[in-house]
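Data first, discussion second: the structure below is written as structure tokens.
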Amino acid sequence: MAERNISNKELARLTGMNPNSISRLRVRRYLNRIDGDTLNALCKALKCEPGELMAYEEDEAES
């Protein structure tokens, strides 16, 4: 968003998502899952690929 100078409000408008949902996506470091339609809307609005929005991190080993 910063690279494209897009605010939460503008991204919400472009994706049809609630601004609070956009804010939660930005703040959380971990998501259990993301809906395919949501990912598609974000990629279209930000003109990017899914890999630019998220990174894989291996789960910590359980003791």
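In the structure tokens, chains take the letters A, B, ... in the order shown, each chain's residues start at 1, and ligands count up from 1 in the order shown.
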If you count only C-alpha atoms, which residues fall within 10 Å of segment 2-9 of chain A, apart from same-chain ones fewer than 4 positions away, as an mmCIF file with C-alpha atoms, in the first residue's frame?
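Saved result, around.cif, follows:
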data_model
loop_
_atom_site.group_PDB
_atom_site.id
_atom_site.type_symbol
_atom_site.label_atom_id
_atom_site.label_comp_id
_atom_site.auth_asym_id
_atom_site.auth_seq_id
_atom_site.Cartn_x
_atom_site.Cartn_y
_atom_site.Cartn_z
ATOM 1 C CA ARG A 13 -13.208 1.294 -1.820
ATOM 2 C CA LEU A 14 -11.240 -0.496 -4.547
ATOM 3 C CA MET A 17 -14.038 -4.519 1.725
ATOM 4 C CA ASN A 18 -14.758 -2.812 5.028
ATOM 5 C CA PRO A 19 -11.980 -0.376 6.078
ATOM 6 C CA ASN A 20 -11.761 -2.179 9.436
ATOM 7 C CA SER A 21 -11.058 -5.450 7.595
ATOM 8 C CA ILE A 22 -8.253 -3.770 5.664
ATOM 9 C CA SER A 23 -6.796 -2.460 8.916
ATOM 10 C CA ARG A 26 -2.356 -4.901 7.844
ATOM 11 C CA ALA A 45 -6.474 -3.282 -6.389
ATOM 12 C CA LEU A 46 -2.748 -3.221 -5.611
ATOM 13 C CA LYS A 47 -1.702 -4.530 -9.041
#
List as an MDAnalysis selection string the protein and nucleic acid residues near segment 35-39 of chain A, meaning an atom at most 10 Å away when only C-alpha atoms are counted, but skip any in the same chain fewer than 5 places from it. chainID A and resid 15:17 44:45 49:50 53
Okay, now the selection with C-alpha atoms, as a compact mmCIF listing (two decimals), in the first residue's frame?
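Final output, out.txt:
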# COMPACT_ATOMS: atom_id res chain seq x y z
CA THR A 15 -11.83 -3.96 -3.08
CA GLY A 16 -15.33 -3.52 -1.70
CA MET A 17 -14.04 -4.52 1.72
CA LYS A 44 -6.26 -6.49 -8.43
CA ALA A 45 -6.47 -3.28 -6.39
CA GLU A 49 0.99 -10.94 -7.16
CA PRO A 50 -0.03 -12.93 -4.04
CA LEU A 53 1.39 -9.71 -0.02
One number please: atom CA of Arg24 of chain A to atom CA of Ala41 of chain A, in Å, one decimal.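 Here the two named atoms are 15.8 Å from each other.
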Computed gap from atom CA of Tyr56 of chain A to atom CA of Glu10 of chain A is 27.1 Å
Here atom CA of Met1 of chain A and atom CA of Ile34 of chain A stand apart by 17.8 Å
